[in-house]
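Visitor: Structure: run.cif, mmCIF, C-alpha atoms.
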data_my_file
#
loop_
_atom_site.label_atom_id
_atom_site.label_comp_id
_atom_site.auth_asym_id
_atom_site.auth_seq_id
_atom_site.Cartn_x
_atom_site.Cartn_y
_atom_site.Cartn_z
CA MET A 113 68.60 7.13 13.16
CA ILE A 114 65.89 4.83 14.53
CA THR A 115 62.44 4.81 12.94
CA VAL A 116 59.46 3.60 14.96
CA ILE A 117 56.68 2.33 12.68
CA SER A 118 53.07 1.98 13.78
CA GLY A 119 51.97 -0.74 11.36
CA THR A 120 48.28 -0.16 10.66
CA ASN A 121 46.18 2.30 8.71
CA ASN A 122 43.09 1.68 10.84
CA LYS A 123 41.92 5.05 12.19
CA GLY A 124 41.50 5.11 15.96
CA ASN A 125 43.74 2.07 16.42
CA LYS A 126 45.30 1.02 19.73
CA THR A 127 48.63 0.16 18.08
CA ARG A 128 49.40 3.88 18.01
CA ILE A 129 49.28 4.06 21.82
CA PHE A 130 52.05 1.47 22.13
CA ALA A 131 54.02 2.91 19.21
CA GLN A 132 53.97 6.42 20.67
CA HIS A 133 54.96 5.12 24.10
CA ILE A 134 57.89 3.27 22.51
CA TYR A 135 58.83 6.36 20.46
CA HIS A 136 58.91 8.65 23.51
CA SER A 137 60.69 6.07 25.67
CA LEU A 138 63.38 5.60 23.03
CA GLN A 139 63.91 9.35 22.79
CA SER A 140 64.64 9.44 26.51
CA LYS A 141 67.01 6.42 26.36
CA THR A 142 69.31 7.39 23.48
CA ASP A 143 71.04 10.32 21.84
CA THR A 144 70.41 8.70 18.46
CA PRO A 145 67.68 10.56 16.56
CA VAL A 146 64.35 8.73 16.76
CA GLU A 147 61.62 9.27 14.16
CA TYR A 148 57.99 8.15 14.09
CA LEU A 149 55.99 6.83 11.14
CA ALA A 150 52.31 5.98 11.61
CA LEU A 151 50.78 4.25 8.62
CA ASP A 152 47.38 5.66 9.57
CA GLU A 153 48.69 9.21 9.06
CA ILE A 154 50.14 8.91 5.58
CA LYS A 155 48.53 9.04 2.16
CA HIS A 156 48.21 5.64 0.60
CA ASP A 157 48.61 6.99 -2.92
CA TYR A 158 51.26 4.36 -3.60
CA PHE A 159 48.65 1.61 -3.99
CA PHE A 160 47.80 1.54 -7.68
CA PRO A 161 48.32 -0.97 -10.51
CA GLU A 162 51.57 0.62 -11.70
CA MET A 163 53.11 0.88 -8.21
CA TYR A 164 55.80 -1.66 -9.13
CA LYS A 165 56.96 0.46 -12.07
CA SER A 166 56.93 3.96 -10.64
CA PRO A 167 56.59 4.83 -6.93
CA ALA A 168 54.33 7.67 -5.80
CA ASN A 169 55.97 10.96 -4.81
CA GLY A 170 54.56 10.74 -1.25
CA LEU A 171 56.20 7.36 -0.76
CA ILE A 172 59.53 8.64 -2.11
CA LYS A 173 59.46 11.46 0.47
CA ILE A 174 58.76 8.99 3.30
CA GLN A 175 61.56 6.72 2.09
CA ASP A 176 64.03 9.60 1.83
CA GLU A 177 63.22 10.95 5.29
CA LEU A 178 62.34 7.91 7.42
CA ILE A 179 63.37 4.64 5.78
CA LEU A 180 66.64 5.07 3.85
CA PRO A 181 68.53 7.05 6.56
CA ALA A 182 67.43 4.73 9.39
CA GLN A 183 69.94 2.22 10.74
CA LYS A 184 67.34 0.55 12.96
CA PHE A 185 63.58 0.11 13.08
CA ILE A 186 61.03 -0.88 15.66
CA ILE A 187 57.82 -2.07 14.07
CA ILE A 188 54.69 -2.29 16.18
CA SER A 189 52.30 -4.61 14.39
CA PRO A 190 48.71 -5.35 15.36
CA GLU A 191 47.12 -8.72 14.75
CA TYR A 192 44.68 -8.77 11.85
CA ASN A 193 43.04 -12.07 10.98
CA GLY A 194 45.80 -14.09 12.63
CA GLY A 195 48.64 -12.21 10.95
CA LEU A 196 50.09 -8.81 10.19
CA ALA A 197 48.16 -5.87 8.79
CA GLY A 198 48.03 -5.93 5.01
CA VAL A 199 48.95 -2.26 4.80
CA LEU A 200 52.28 -3.00 6.50
CA LYS A 201 53.14 -5.66 3.92
CA LEU A 202 51.98 -3.33 1.15
CA PHE A 203 54.19 -0.54 2.52
CA ILE A 204 57.25 -2.81 2.52
CA ASP A 205 56.38 -3.95 -1.02
CA ALA A 206 55.99 -0.37 -2.21
CA CYS A 207 59.34 0.62 -0.68
CA SER A 208 61.02 -2.30 -2.45
CA VAL A 209 60.34 -0.73 -5.86
CA ARG A 210 62.92 1.99 -5.27
CA GLN A 211 66.41 1.36 -3.88
CA TYR A 212 65.53 -2.19 -2.91
CA SER A 213 68.65 -3.03 -0.91
CA ALA A 214 69.03 0.37 0.74
CA ASN A 215 65.67 0.23 2.50
CA PHE A 216 66.17 -2.66 4.93
CA LYS A 217 69.23 -4.72 3.96
CA GLY A 218 71.66 -5.04 6.87
CA LYS A 219 69.49 -2.89 9.12
CA LYS A 220 68.36 -4.09 12.54
CA VAL A 221 64.68 -4.45 13.35
CA ALA A 222 62.83 -5.11 16.60
CA LEU A 223 59.24 -6.34 16.51
CA VAL A 224 56.40 -5.68 18.90
CA GLY A 225 53.06 -7.38 18.37
CA VAL A 226 49.82 -6.14 19.88
CA ALA A 227 46.54 -8.00 20.06
CA SER A 228 43.29 -8.03 21.93
CA GLY A 229 43.62 -11.82 22.16
CA ARG A 230 46.05 -14.06 23.99
CA ALA A 231 48.98 -14.48 21.60
CA GLY A 232 50.17 -10.89 21.11
CA ASN A 233 50.36 -11.32 17.32
CA LEU A 234 53.00 -14.05 17.46
CA ARG A 235 52.01 -15.38 14.01
CA GLY A 236 52.05 -11.89 12.54
CA MET A 237 55.53 -11.27 13.94
CA ASP A 238 56.68 -14.60 12.45
CA GLN A 239 55.28 -13.54 9.06
CA LEU A 240 56.94 -10.15 9.38
CA THR A 241 60.25 -11.80 10.35
CA GLN A 242 60.15 -13.86 7.15
CA ILE A 243 59.38 -10.82 5.01
CA LEU A 244 62.07 -8.68 6.63
CA SER A 245 64.62 -11.48 6.39
CA HIS A 246 63.84 -11.80 2.69
CA VAL A 247 64.63 -8.11 2.14
CA GLY A 248 67.88 -8.49 4.10
CA ALA A 249 66.99 -7.02 7.50
CA ILE A 250 68.41 -8.45 10.71
CA VAL A 251 65.51 -9.15 13.05
CA MET A 252 66.15 -9.10 16.78
CA PRO A 253 65.48 -12.63 18.05
CA ASN A 254 63.48 -11.68 21.14
CA LYS A 255 60.16 -10.27 19.95
CA LEU A 256 57.69 -8.62 22.29
CA PRO A 257 54.12 -9.94 22.13
CA ILE A 258 51.64 -7.75 24.00
CA SER A 259 48.36 -9.58 24.61
CA SER A 260 44.93 -8.63 25.93
CA ILE A 261 45.50 -4.94 25.31
CA GLY A 262 42.00 -4.13 26.57
CA LYS A 263 43.18 -5.07 30.06
CA ILE A 264 46.43 -3.09 29.74
CA LEU A 265 44.91 0.28 28.82
CA ASN A 266 42.79 2.48 31.05
CA GLU A 267 39.83 4.62 29.91
CA GLU A 268 42.23 7.38 28.79
CA ASN A 269 44.09 4.84 26.61
CA GLU A 270 47.19 4.90 28.78
CA ILE A 271 49.28 1.82 29.43
CA VAL A 272 48.71 1.09 33.10
CA LEU A 273 49.84 -2.49 33.62
CA ASP A 274 53.23 -2.27 35.33
CA SER A 275 54.45 -5.62 33.98
CA THR A 276 53.77 -4.44 30.41
CA LEU A 277 55.61 -1.17 30.98
CA LYS A 278 58.58 -3.09 32.40
CA ALA A 279 58.54 -5.55 29.46
CA ILE A 280 58.54 -2.66 26.96
CA ASP A 281 61.36 -0.94 28.84
CA LYS A 282 63.49 -4.10 28.85
CA HIS A 283 62.76 -4.72 25.16
CA LEU A 284 63.96 -1.21 24.33
CA ASP A 285 67.12 -1.64 26.41
CA ASP A 286 67.84 -4.92 24.59
CA PHE A 287 67.14 -3.24 21.25
CA LEU A 288 69.58 -0.43 21.92
CA LEU A 289 72.28 -3.02 22.66
CA PHE A 290 71.36 -5.06 19.55
#
Please re-express this file's structure in structure tokens.

Guide:
Amino acid sequence: MITVISGTNNKGNKTRIFAQHIYHSLQSKTDTPVEYLALDEIKHDYFFPEMYKSPANGLIKIQDELILPAQKFIIISPEYNGGLAGVLKLFIDACSVRQYSANFKGKKVALVGVASGRAGNLRGMDQLTQILSHVGAIVMPNKLPISSIGKILNEENEIVLDSTLKAIDKHLDDFLLF
């Protein structure tokens, strides 16, 4: 199973557009089951002072259905303040409370960064690489930074820049071979 993670809890975010495109494209490219997890759609009831002692039931359900059975992940991470979204780091931290090694250790991860600026969240993907490496994941070396997303999306929030669509398609092909 492959789990595609949209890594922000910001309602009305643009990350979701890229994550859903990647999710649907992957479904058409592989017979492997592909699942979708959007951090803006889940309850964040796992963020409380005792989260490191006892995980919330909602998080356990997400882990059991979308994290533990996955062999691979694609994480689409927006740039927030020159790095990754705090909710994404918090989600990884919360998952680490239960079945630490089983969540990410030995599993392959591809990273896609999205940003309204010029760097496509390169620093955030570097931070995420360090975090994922620490928990034992194998991060695909070629990351995909997507910059200036305001110029890539049309008024209907569709990806219209052909070079971006081709870059995503190639990244997914490489990921499936990884």

Visitor: Taking (68.7, -7.6, 4.3) in the file's coordinates, which residues come within 10 Å, counting only C-alpha atoms, written as a list of chain:residue names?

Guide: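 Checking each residue against the 10 Å limit leaves A:Tyr212, A:Ser213, A:Ala214, A:Asn215, A:Phe216, A:Lys217, A:Gly218, A:Lys219, A:Lys220, A:Ile243, A:Leu244, A:Ser245, A:His246, A:Val247, A:Gly248, A:Ala249, A:Ile250, A:Val251.
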
Visitor: Just to be explicit: take each residue in the selection above, keep C-alpha atoms, and write the result as a tab-separated table (two decimals), in the coordinates of the input.

Guide:
chain	number	residue	atom	x	y	z
A	212	TYR	CA	65.53	-2.19	-2.91
A	213	SER	CA	68.65	-3.03	-0.91
A	214	ALA	CA	69.03	0.37	0.74
A	215	ASN	CA	65.67	0.23	2.50
A	216	PHE	CA	66.17	-2.66	4.93
A	217	LYS	CA	69.23	-4.72	3.96
A	218	GLY	CA	71.66	-5.04	6.87
A	219	LYS	CA	69.49	-2.89	9.12
A	220	LYS	CA	68.36	-4.09	12.54
A	243	ILE	CA	59.38	-10.82	5.01
A	244	LEU	CA	62.07	-8.68	6.63
A	245	SER	CA	64.62	-11.48	6.39
A	246	HIS	CA	63.84	-11.80	2.69
A	247	VAL	CA	64.63	-8.11	2.14
A	248	GLY	CA	67.88	-8.49	4.10
A	249	ALA	CA	66.99	-7.02	7.50
A	250	ILE	CA	68.41	-8.45	10.71
A	251	VAL	CA	65.51	-9.15	13.05

Visitor: Calculate, to one decimal in Å, the centre and edge lengths of the box along x, y and z of the file that holds all listed atoms of segment 212-227 of chain A with 3 Å of margin on each side, and present them as AutoDock Vina command-line options.

Guide:
--center_x 59.1 --center_y -3.8 --center_z 8.6 --size_x 31.1 --size_y 14.4 --size_z 29.0

Visitor: Considering only C-alpha atoms, state which residue in the set A:Ala197, A:Leu151, A:Ala227, A:Ile188 is at the smallest distance from Lys123 of chain A.

Guide: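 Of A:Ala197, A:Leu151, A:Ala227, A:Ile188, the one nearest Lys123 of chain A is A:Leu151, counting only C-alpha atoms.
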
Visitor: Find the distance between atom CA of Gln239 of chain A and atom CA of Leu196 of chain A and write it in Å to one decimal.

Guide: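 Separating atom CA of Gln239 of chain A from atom CA of Leu196 of chain A is a distance of 7.1 Å.
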
Visitor: Ranking A:Lys184, A:Ser189, A:Arg128, A:Leu273 by minimum distance to Glu153 of chain A and counting all atoms listed in the file, which one comes first?

Guide: A:Arg128

Visitor: I'd like to know which of A:Ser137, A:Gln132, A:Gln183, A:Asn254 is closest to Thr115 of chain A, using only C-alpha atoms.

Guide: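 Counting only C-alpha atoms, the residue closest to Thr115 of chain A is A:Gln183.
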
Visitor: Go ahead and compute the interatomic distance for atom CA of Asp176 of chain A and atom CA of Met163 of chain A, in Å to one decimal.

Guide: 17.2 Å

Visitor: Starting from the PyMOL selection byres ((chain A and resi 117) around 7), expand the selection into actual residues of this file and give them as a list in words.

Guide: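 With the shown file as input, the PyMOL selection byres ((chain A and resi 117) around 7) matches Thr115, Val116, Ser118, Gly119, Tyr148, Leu149, Ala150, Ile186, Ile187 and Ile188 of chain A.
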
Visitor: Export, as a compact mmCIF listing (two decimals), keeping the file's coordinate frame, the selected residues with C-alpha atoms.

Guide:
# COMPACT_ATOMS: atom_id res chain seq x y z
CA THR A 115 62.44 4.81 12.94
CA VAL A 116 59.46 3.60 14.96
CA SER A 118 53.07 1.98 13.78
CA GLY A 119 51.97 -0.74 11.36
CA TYR A 148 57.99 8.15 14.09
CA LEU A 149 55.99 6.83 11.14
CA ALA A 150 52.31 5.98 11.61
CA ILE A 186 61.03 -0.88 15.66
CA ILE A 187 57.82 -2.07 14.07
CA ILE A 188 54.69 -2.29 16.18

Visitor: Between atom CA of Glu177 of chain A and atom CA of Ala206 of chain A, measure the distance and give it in Å to one decimal.

Guide: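 Answer for the atom CA of Glu177 of chain A to atom CA of Ala206 of chain A separation: 15.4 Å.
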
Visitor: Go through A:Phe287, A:Cys207, A:Gly229, A:Leu277 one by one, measure the shortest atom-to-atom distance of each to Ile114 of chain A using all atoms listed in the file, and give the residue with the smallest value.

Guide: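 Ranking A:Phe287, A:Cys207, A:Gly229, A:Leu277 by distance to Ile114 of chain A, first place goes to A:Phe287.
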
Visitor: So that I can check the surroundings of Lys278 of chain A, please list as a PDB file with C-alpha atoms, keeping the file's coordinate frame every protein, DNA and RNA residue that reaches within 12 Å of it, counting all atoms listed in the file and ignoring chain neighbours fewer than 4 positions away.

Guide:
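Final file, out.pdb:
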ATOM      1  CA  ILE A 134      57.890   3.270  22.510  1.00  0.00           C
ATOM      2  CA  SER A 137      60.690   6.070  25.670  1.00  0.00           C
ATOM      3  CA  LEU A 256      57.690  -8.620  22.290  1.00  0.00           C
ATOM      4  CA  ILE A 258      51.640  -7.750  24.000  1.00  0.00           C
ATOM      5  CA  ILE A 271      49.280   1.820  29.430  1.00  0.00           C
ATOM      6  CA  VAL A 272      48.710   1.090  33.100  1.00  0.00           C
ATOM      7  CA  LEU A 273      49.840  -2.490  33.620  1.00  0.00           C
ATOM      8  CA  ASP A 274      53.230  -2.270  35.330  1.00  0.00           C
ATOM      9  CA  LYS A 282      63.490  -4.100  28.850  1.00  0.00           C
ATOM     10  CA  HIS A 283      62.760  -4.720  25.160  1.00  0.00           C
ATOM     11  CA  LEU A 284      63.960  -1.210  24.330  1.00  0.00           C
ATOM     12  CA  ASP A 285      67.120  -1.640  26.410  1.00  0.00           C
TER      13      ASP A 285
END
